[in-house]
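Trainee: Below are the structure tokens for one structure; questions will follow.
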Amino acid sequence: MRADLILKSNNIFTSTSDKPISGGVAIKGNKLLAVGEDFEAFLGPETEVREYGDKLIMPGFIDAHVHYFMAGLAASEHVCGELIASSSEAECAAMIKEFAEQHPDEKRIRGYGWFPANWNDAPLPTKKSLDEAVPDRPVYLVVADGHTLWMNSLALEEAGITVDMKPKSGSVGKLENGELSGLLFELDAMAPAMEKVMELDIEPMKKLHRDFMGHINKWGVTSISDITAYDYNDTTYRNYSAVREMEREGSLTCRIHLYTKLDGYRDFTKALEYQKEFCSEKLRLSGVKGFIDGVTSTFTGLLLEPYSDRPDTCGVGVPTVAKEDNMDYVAAANKAGLPVRLHCIADGSVRMALDIYEHSQRENGELPFCNAIEHIENIHPDDIPRFAELSVIPSMQPYHLTLDFNEKIGRIGRERCRWEWPHRSLLDAGAQLAFGTDHPAVDFNPFPNLYAAVTRLDDEGKPTGVNPEECIELSEALTAYTAGAAKSYNRDDIGVLEAGKLADVIVVDRDLFSIPPEEIRDASVVLTIMDGAIVYEK
């Protein structure tokens with residue numbers, strides 16, 4: 001058998017060892033034939049050979065945590081995606097006013113990225129400023145972490161939000177006089193409004209996806225997810241079907257792993273129907289997703305002990321689902337053969353998730369797949385060994401430590417911050433890390449993420465957090481971004497360069513192993529191959 005394409009380099013990182021090797025990567029169709037010195041046996045007269053010198057060849061990056069459908073919309077012309085740059089409510093409202101004036105044909109004004117941590121501890125915003133900025137159309141602004149929605153009065157009316165609403169979890173914001181404030185907290189409360197945010201006709205949606213794929217492939221990312229936990233409804237099915245149409249048309253250039261809703265379900269018949277229908281190598285339903293808490297920035301992260309700056313609470317409105325109910329949901333999902341991923345920001349929710357997974361294993365016996373915990377921004381040290389003991393994947397986003405701006409020092413105190421984003425401790429305890437971005441909270445560019453994990457420094461080279469001892473080696477960070485992330489999706493056919501695996505391969509513009517750590521964040525990708533096809537070339 002002869003290869004269609006051979007990539008040669010002095011530095012090939014396979015994700016199966018700590019150091020790069022020299023040689024080539026031989027590709028036939030969508031599979032790897034050989035990696036290393038064996039490539040010459042597959043060289044034929046029609047084989048294309050590309051020489052990359054000292055550039056690093058490695059598996060395609062696998063982003064373990066992506067909100068794909070929201071991210072694609074946020075990156076499109078239909079959304080004002082610049083709100084992360086706002087430094088106040090007034091500035092944010094002014095940005096939205098300008099966007100609305102520039103987009104007179106948009107029947108709804110959507111925005112993404114405003115972030116309370118960037119507003120110097122100002123009070124949370126209200127509908128009043130948006131009513132003044134855009135009085136003639138509904139306005140929906142999603143916060144950067146995705147857990148709060150800020151709306152004007154027309155949006156509240158359109159989405160059917162009322163003062164007497166009682167969501168299963170989260171809350172509807174109110175002013176002192178009892179009126180709606182314009183804020184919805186956490187996903188159940190946000191759900192009716194998010195239906196409006198995500199509502200888009202099929203052809204604009206497909207164009208949006210095609211444009212977005214190019215951005216993903218530019219950064220060497222070949223596998224992602226939609227981990228938003230959409231419910232089993234017409235909007236969800238339409239979104240999934242639009243991407244399946246792209247696959248059939250040959251324009252799906254990134255593998256997508258879908259996770260539907262866990263919360264509230266003991267019967268997963270519908271999820272299994274989705275899994276049977278969406279089951280290809282490129283698009284598949286990979287499990288279900290649930291939530292235990294929110295985020296510490298709005299005091300909805302669940303702590304074991306009270307907040308340092310709000311000693312009256314361990315978390316407002318959390319857990320979002322009662323522990324006993326979650327035990328039932330997770331055990332039922334696992335029994336049905338569905339892996340589970342639970343959103344857990346703080347040490348209280350992480351402990352609860354581990355307890356829930358332990359319960360499921362007692363109920364179901366040893367599982368043939370891994371469950372995962374998402375985020376783990378702080379943890380109690382007693383719980384660190386439990387990940388390896390229970391075969392639970394810690395799915396984490398290193399750059400969020402930079403994004404956090406040391407906010408947790410004020411929220412939970414320096415002592416507990418010793419255990420925020422504890423990558424080194426988890427690895428030393430035998431856990432398999434999986435890295436991602438939580439896009440659109442952070443862009444797909446993997447190199448700032450790698451830099452953050454290896455250095456624990458921000459973009460200006462200043463220390464982030466109080467625990468530099470949690471730095472990890474470059475090889476460990478790359479493995480978390482490839483083989484570890486593949487394991488979080490319960491896949492063994494991607495994430496490593498090895499004969500027989502699917503041909504998802506990238507070439508980085510430099511050898512990451514031979515440069516100073518501060519240069520990692522400046523790296524870029526020169527070639528992306530997904531499923532044996534070149535999908536990006538610089």
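Chain lettering (A, B, ...) mirrors the order of the structure tokens, residue numbering begins at 1 for each chain separately, and ligand numbering begins at 1 in order of display.
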Find the spatial neighbours of Ile6 of chain A, counting only C-alpha atoms, within a cut-off of 10 Å - ignore same-chain residues fewer than 5 positions away - and output them as number ranges by chain.

Mentor: A: 23-28, 32-35, 39-40, 42-43, 47-51

Trainee: Identify, on the basis of only C-alpha atoms, every residue whose closest approach to segment 163-179 of chain A does not exceed 12 Å; exclude the query and any residue fewer than 4 positions from it along the same chain; express the result as a PyMOL selection string.

Mentor: chain A and resi 124-128+147-151+153+156-157+159+183-193+263-264+290-295+298-301+315-322

Trainee: Can you tell me which residues surround Phe268 of chain A at a distance of at most 12 Å, considering only C-alpha atoms, apart from same-chain residues fewer than 4 positions away, and format the answer as a list in words?

Mentor: Asp231, Tyr232, Thr260, Lys261, Leu262, Asp263, Gly264, Leu272, Glu273, Tyr274, Gln275, Gly287, Val288, Asp328, Tyr329, Val330, Ala331, Ala332, Ala333, Asn334, Lys335, Ala336, Gly337, Leu338 and Pro339 of chain A

Trainee: Restricting the output to N, CA and C atoms, write the selected residues as a PDB file, in the first residue's frame.

Mentor:
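Okay, this is what ended up in part_23.pdb:
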```pdb
ATOM      1  N   ASP A 231     -31.980  20.968  25.016  1.00  0.00           N
ATOM      2  CA  ASP A 231     -33.073  20.037  25.270  1.00  0.00           C
ATOM      3  C   ASP A 231     -33.506  19.382  23.951  1.00  0.00           C
ATOM      4  N   TYR A 232     -34.374  18.388  24.070  1.00  0.00           N
ATOM      5  CA  TYR A 232     -34.814  17.605  22.919  1.00  0.00           C
ATOM      6  C   TYR A 232     -36.025  18.295  22.302  1.00  0.00           C
ATOM      7  N   THR A 260     -26.499  16.439  24.844  1.00  0.00           N
ATOM      8  CA  THR A 260     -27.840  16.933  25.111  1.00  0.00           C
ATOM      9  C   THR A 260     -28.089  17.008  26.620  1.00  0.00           C
ATOM     10  N   LYS A 261     -29.294  17.350  26.967  1.00  0.00           N
ATOM     11  CA  LYS A 261     -29.621  17.703  28.346  1.00  0.00           C
ATOM     12  C   LYS A 261     -29.733  16.483  29.253  1.00  0.00           C
ATOM     13  N   LEU A 262     -29.092  16.558  30.400  1.00  0.00           N
ATOM     14  CA  LEU A 262     -29.212  15.551  31.462  1.00  0.00           C
ATOM     15  C   LEU A 262     -30.322  15.910  32.444  1.00  0.00           C
ATOM     16  N   ASP A 263     -30.318  17.157  32.908  1.00  0.00           N
ATOM     17  CA  ASP A 263     -31.155  17.560  34.039  1.00  0.00           C
ATOM     18  C   ASP A 263     -32.640  17.310  33.775  1.00  0.00           C
ATOM     19  N   GLY A 264     -33.279  16.632  34.723  1.00  0.00           N
ATOM     20  CA  GLY A 264     -34.713  16.388  34.647  1.00  0.00           C
ATOM     21  C   GLY A 264     -35.095  15.079  33.994  1.00  0.00           C
ATOM     22  N   LEU A 272     -31.081   8.524  23.125  1.00  0.00           N
ATOM     23  CA  LEU A 272     -30.622   7.353  22.367  1.00  0.00           C
ATOM     24  C   LEU A 272     -31.104   7.415  20.919  1.00  0.00           C
ATOM     25  N   GLU A 273     -32.277   7.994  20.681  1.00  0.00           N
ATOM     26  CA  GLU A 273     -32.741   8.185  19.306  1.00  0.00           C
ATOM     27  C   GLU A 273     -31.816   9.162  18.574  1.00  0.00           C
ATOM     28  N   TYR A 274     -31.463  10.253  19.248  1.00  0.00           N
ATOM     29  CA  TYR A 274     -30.515  11.204  18.664  1.00  0.00           C
ATOM     30  C   TYR A 274     -29.174  10.514  18.399  1.00  0.00           C
ATOM     31  N   GLN A 275     -28.727   9.707  19.351  1.00  0.00           N
ATOM     32  CA  GLN A 275     -27.432   9.044  19.209  1.00  0.00           C
ATOM     33  C   GLN A 275     -27.424   8.103  18.014  1.00  0.00           C
ATOM     34  N   GLY A 287     -22.934  12.014  24.466  1.00  0.00           N
ATOM     35  CA  GLY A 287     -23.352  11.888  25.855  1.00  0.00           C
ATOM     36  C   GLY A 287     -24.321  12.975  26.245  1.00  0.00           C
ATOM     37  N   VAL A 288     -24.451  13.182  27.550  1.00  0.00           N
ATOM     38  CA  VAL A 288     -25.366  14.188  28.084  1.00  0.00           C
ATOM     39  C   VAL A 288     -24.617  15.081  29.067  1.00  0.00           C
ATOM     40  N   ASP A 328     -29.978  10.214  40.516  1.00  0.00           N
ATOM     41  CA  ASP A 328     -30.884   9.434  39.676  1.00  0.00           C
ATOM     42  C   ASP A 328     -30.609   9.673  38.197  1.00  0.00           C
ATOM     43  N   TYR A 329     -30.447  10.947  37.817  1.00  0.00           N
ATOM     44  CA  TYR A 329     -30.247  11.278  36.408  1.00  0.00           C
ATOM     45  C   TYR A 329     -28.966  10.643  35.868  1.00  0.00           C
ATOM     46  N   VAL A 330     -27.868  10.800  36.612  1.00  0.00           N
ATOM     47  CA  VAL A 330     -26.574  10.305  36.145  1.00  0.00           C
ATOM     48  C   VAL A 330     -26.565   8.781  36.080  1.00  0.00           C
ATOM     49  N   ALA A 331     -27.095   8.127  37.116  1.00  0.00           N
ATOM     50  CA  ALA A 331     -27.132   6.660  37.115  1.00  0.00           C
ATOM     51  C   ALA A 331     -27.966   6.142  35.942  1.00  0.00           C
ATOM     52  N   ALA A 332     -29.074   6.817  35.655  1.00  0.00           N
ATOM     53  CA  ALA A 332     -29.925   6.390  34.540  1.00  0.00           C
ATOM     54  C   ALA A 332     -29.228   6.602  33.201  1.00  0.00           C
ATOM     55  N   ALA A 333     -28.552   7.736  33.056  1.00  0.00           N
ATOM     56  CA  ALA A 333     -27.836   8.000  31.804  1.00  0.00           C
ATOM     57  C   ALA A 333     -26.719   6.984  31.591  1.00  0.00           C
ATOM     58  N   ASN A 334     -25.937   6.746  32.627  1.00  0.00           N
ATOM     59  CA  ASN A 334     -24.854   5.764  32.511  1.00  0.00           C
ATOM     60  C   ASN A 334     -25.402   4.374  32.217  1.00  0.00           C
ATOM     61  N   LYS A 335     -26.510   4.007  32.836  1.00  0.00           N
ATOM     62  CA  LYS A 335     -27.125   2.704  32.579  1.00  0.00           C
ATOM     63  C   LYS A 335     -27.546   2.586  31.116  1.00  0.00           C
ATOM     64  N   ALA A 336     -27.964   3.703  30.533  1.00  0.00           N
ATOM     65  CA  ALA A 336     -28.366   3.715  29.125  1.00  0.00           C
ATOM     66  C   ALA A 336     -27.173   3.731  28.180  1.00  0.00           C
ATOM     67  N   GLY A 337     -25.964   3.788  28.748  1.00  0.00           N
ATOM     68  CA  GLY A 337     -24.760   3.806  27.924  1.00  0.00           C
ATOM     69  C   GLY A 337     -24.297   5.188  27.534  1.00  0.00           C
ATOM     70  N   LEU A 338     -24.797   6.215  28.226  1.00  0.00           N
ATOM     71  CA  LEU A 338     -24.468   7.592  27.896  1.00  0.00           C
ATOM     72  C   LEU A 338     -23.479   8.169  28.902  1.00  0.00           C
ATOM     73  N   PRO A 339     -22.273   8.569  28.452  1.00  0.00           N
ATOM     74  CA  PRO A 339     -21.359   9.287  29.339  1.00  0.00           C
ATOM     75  C   PRO A 339     -21.968  10.619  29.766  1.00  0.00           C
TER      76      PRO A 339
END
```

Trainee: Neighbours of segment 475-484 of chain A within 8 Å (only C-alpha atoms; same-chain residues fewer than 6 positions away dropped), as a ChimeraX atom specification?

Mentor: /A:15,18-19,59-64,432-436,450,453-454,494-496

Trainee: I'd like the contact shell of Ala85 of chain A - 12 Å cut-off, only C-alpha atoms, skipping same-chain residues fewer than 2 positions apart - returned as number ranges by chain.

Mentor: A: 80-83, 87-89, 91-92, 95, 112-119, 144

Trainee: Where in segment 187-258 of chain A does DSSP assign strand (DSSP E), given as a list in words?

Mentor: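 In segment 187-258 of chain A, DSSP puts these residues in strand (DSSP E): Val221, Thr222, Ser223, Ile224, Ser225, Asp226, Ile227, Thr228, Ala229, Tyr230, Arg255, Ile256, His257 and Leu258 of chain A.
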
Trainee: Any idea what's packed within 12 Å of Asp492 of chain A, counting only C-alpha atoms, ignoring anything in its chain fewer than 3 positions away? Could you give it as a list of chain:residue names?

Mentor: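 Once the nearby chain positions are removed, what remains is A:Glu281, A:Phe369, A:Thr482, A:Ala483, A:Gly484, A:Ala485, A:Ala486, A:Lys487, A:Ser488, A:Tyr489, A:Gly495, A:Val496, A:Leu497, A:Glu498, A:Gly500, A:Lys501, A:Leu502.
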
Trainee: Output N, CA, C and O atoms for every residue in that selection, as a PDB file, in the first residue's frame.

Mentor:
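Written out: out06.pdb:
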```pdb
ATOM      1  N   GLU A 281     -18.376   9.404  12.140  1.00  0.00           N
ATOM      2  CA  GLU A 281     -17.049   9.741  12.671  1.00  0.00           C
ATOM      3  C   GLU A 281     -16.872  11.244  12.828  1.00  0.00           C
ATOM      4  O   GLU A 281     -16.024  11.693  13.592  1.00  0.00           O
ATOM      5  N   PHE A 369     -16.893   3.512  29.777  1.00  0.00           N
ATOM      6  CA  PHE A 369     -16.567   4.851  29.286  1.00  0.00           C
ATOM      7  C   PHE A 369     -16.257   5.730  30.485  1.00  0.00           C
ATOM      8  O   PHE A 369     -16.456   5.334  31.641  1.00  0.00           O
ATOM      9  N   THR A 482      -4.847  16.803  23.210  1.00  0.00           N
ATOM     10  CA  THR A 482      -4.995  15.840  22.119  1.00  0.00           C
ATOM     11  C   THR A 482      -5.560  14.525  22.666  1.00  0.00           C
ATOM     12  O   THR A 482      -6.770  14.333  22.683  1.00  0.00           O
ATOM     13  N   ALA A 483      -4.681  13.647  23.154  1.00  0.00           N
ATOM     14  CA  ALA A 483      -5.127  12.339  23.640  1.00  0.00           C
ATOM     15  C   ALA A 483      -6.076  12.470  24.827  1.00  0.00           C
ATOM     16  O   ALA A 483      -7.063  11.726  24.938  1.00  0.00           O
ATOM     17  N   GLY A 484      -5.803  13.411  25.744  1.00  0.00           N
ATOM     18  CA  GLY A 484      -6.674  13.583  26.905  1.00  0.00           C
ATOM     19  C   GLY A 484      -8.048  14.077  26.521  1.00  0.00           C
ATOM     20  O   GLY A 484      -9.071  13.594  27.035  1.00  0.00           O
ATOM     21  N   ALA A 485      -8.098  15.044  25.602  1.00  0.00           N
ATOM     22  CA  ALA A 485      -9.390  15.543  25.144  1.00  0.00           C
ATOM     23  C   ALA A 485     -10.153  14.465  24.376  1.00  0.00           C
ATOM     24  O   ALA A 485     -11.376  14.363  24.484  1.00  0.00           O
ATOM     25  N   ALA A 486      -9.419  13.637  23.607  1.00  0.00           N
ATOM     26  CA  ALA A 486     -10.073  12.523  22.908  1.00  0.00           C
ATOM     27  C   ALA A 486     -10.709  11.570  23.908  1.00  0.00           C
ATOM     28  O   ALA A 486     -11.826  11.072  23.697  1.00  0.00           O
ATOM     29  N   LYS A 487     -10.017  11.339  25.014  1.00  0.00           N
ATOM     30  CA  LYS A 487     -10.565  10.444  26.038  1.00  0.00           C
ATOM     31  C   LYS A 487     -11.818  11.049  26.666  1.00  0.00           C
ATOM     32  O   LYS A 487     -12.754  10.317  27.036  1.00  0.00           O
ATOM     33  N   SER A 488     -11.855  12.355  26.786  1.00  0.00           N
ATOM     34  CA  SER A 488     -13.062  12.985  27.337  1.00  0.00           C
ATOM     35  C   SER A 488     -14.259  12.762  26.419  1.00  0.00           C
ATOM     36  O   SER A 488     -15.407  12.762  26.874  1.00  0.00           O
ATOM     37  N   TYR A 489     -14.003  12.584  25.120  1.00  0.00           N
ATOM     38  CA  TYR A 489     -15.058  12.258  24.169  1.00  0.00           C
ATOM     39  C   TYR A 489     -15.220  10.747  24.000  1.00  0.00           C
ATOM     40  O   TYR A 489     -15.976  10.299  23.146  1.00  0.00           O
ATOM     41  N   GLY A 495      -6.546  11.771  18.359  1.00  0.00           N
ATOM     42  CA  GLY A 495      -5.798  12.298  19.500  1.00  0.00           C
ATOM     43  C   GLY A 495      -4.356  11.859  19.582  1.00  0.00           C
ATOM     44  O   GLY A 495      -3.592  12.416  20.364  1.00  0.00           O
ATOM     45  N   VAL A 496      -3.959  10.855  18.790  1.00  0.00           N
ATOM     46  CA  VAL A 496      -2.563  10.406  18.756  1.00  0.00           C
ATOM     47  C   VAL A 496      -2.177  10.149  17.312  1.00  0.00           C
ATOM     48  O   VAL A 496      -3.033   9.892  16.452  1.00  0.00           O
ATOM     49  N   LEU A 497      -0.865  10.242  17.040  1.00  0.00           N
ATOM     50  CA  LEU A 497      -0.339   9.876  15.727  1.00  0.00           C
ATOM     51  C   LEU A 497       0.171   8.451  15.820  1.00  0.00           C
ATOM     52  O   LEU A 497       1.210   8.179  16.421  1.00  0.00           O
ATOM     53  N   GLU A 498      -0.576   7.538  15.228  1.00  0.00           N
ATOM     54  CA  GLU A 498      -0.303   6.117  15.342  1.00  0.00           C
ATOM     55  C   GLU A 498      -0.969   5.422  14.162  1.00  0.00           C
ATOM     56  O   GLU A 498      -2.080   5.790  13.761  1.00  0.00           O
ATOM     57  N   GLY A 500      -3.174   3.396  11.845  1.00  0.00           N
ATOM     58  CA  GLY A 500      -4.544   2.935  12.010  1.00  0.00           C
ATOM     59  C   GLY A 500      -5.500   3.984  12.534  1.00  0.00           C
ATOM     60  O   GLY A 500      -6.718   3.817  12.430  1.00  0.00           O
ATOM     61  N   LYS A 501      -4.980   5.067  13.114  1.00  0.00           N
ATOM     62  CA  LYS A 501      -5.854   6.120  13.628  1.00  0.00           C
ATOM     63  C   LYS A 501      -6.331   7.013  12.476  1.00  0.00           C
ATOM     64  O   LYS A 501      -5.762   7.033  11.383  1.00  0.00           O
ATOM     65  N   LEU A 502      -7.391   7.777  12.730  1.00  0.00           N
ATOM     66  CA  LEU A 502      -7.866   8.732  11.746  1.00  0.00           C
ATOM     67  C   LEU A 502      -6.830   9.829  11.520  1.00  0.00           C
ATOM     68  O   LEU A 502      -6.139  10.248  12.462  1.00  0.00           O
TER      69      LEU A 502
END
```

Trainee: Which of these residues is nearest to Thr313 of chain A, using only C-alpha atoms: A:Ile412, A:Met198, A:Ala90, A:Cys417?

Mentor: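 For Thr313 of chain A, the nearest of the candidates is A:Ile412.
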
Trainee: Rounded to one decimal, what separation in Å do you get between atom CA of Asp309 of chain A and atom CA of Asp145 of chain A?

Mentor: 20.6 Å

Trainee: I need the residues of segment 387-464 of chain A that end up classed as helix (DSSP H, G or I) by DSSP on the backbone, written out as a ChimeraX atom specification.

Mentor: /A:387-390,400-403,407-417,423-428,446-455

Trainee: Have a look at A:Arg491, A:Lys270, A:Lys282, A:Lys462 and name the one nearest to Glu247 of chain A; count only C-alpha atoms.

Mentor: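 Comparing A:Arg491, A:Lys270, A:Lys282, A:Lys462 against Glu247 of chain A, the winner is A:Lys282.
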
Trainee: With 7 Å as the cut-off and only C-alpha atoms counted, what is the closest atom pair between each nearby residue of segment 264-350 of chain A and segment 254-257 of chain A? Distances in Å to one decimal, ordered by chain and number, as a tab-separated table.

Mentor:
```
residue	atom	partner	partner_atom	distance
A:Lys282	CA	A:Arg255	CA	4.3
A:Leu283	CA	A:Ile256	CA	5.0
A:Arg284	CA	A:His257	CA	5.3
A:Leu285	CA	A:His257	CA	5.8
A:Ser286	CA	A:His257	CA	5.6
```

Trainee: Take atom CA of Tyr357 of chain A and atom CA of Met327 of chain A and report the distance between them in Å, one decimal.

Mentor: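 If I compute the distance from atom CA of Tyr357 of chain A to atom CA of Met327 of chain A, I get 7.8 Å.
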
Trainee: Which of these, A:Trp419, A:Tyr140, A:Tyr52, A:Tyr230, has the shortest distance to Asp511 of chain A once you count only C-alpha atoms?

Mentor: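 For Asp511 of chain A, the nearest of the candidates is A:Tyr52.
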
Trainee: Between A:Cys471, A:Leu56, A:Leu457, A:Ala75, which one has atoms that come closest to Arg521 of chain A, using only C-alpha atoms?

Mentor: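 Closest candidate: A:Leu457.
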
Trainee: Given only C-alpha atoms as the basis, pick out the residue of A:Ile227, A:Ile520, A:Leu258, A:Ala271 nearest to Ser395 of chain A.

Mentor: A:Ile227
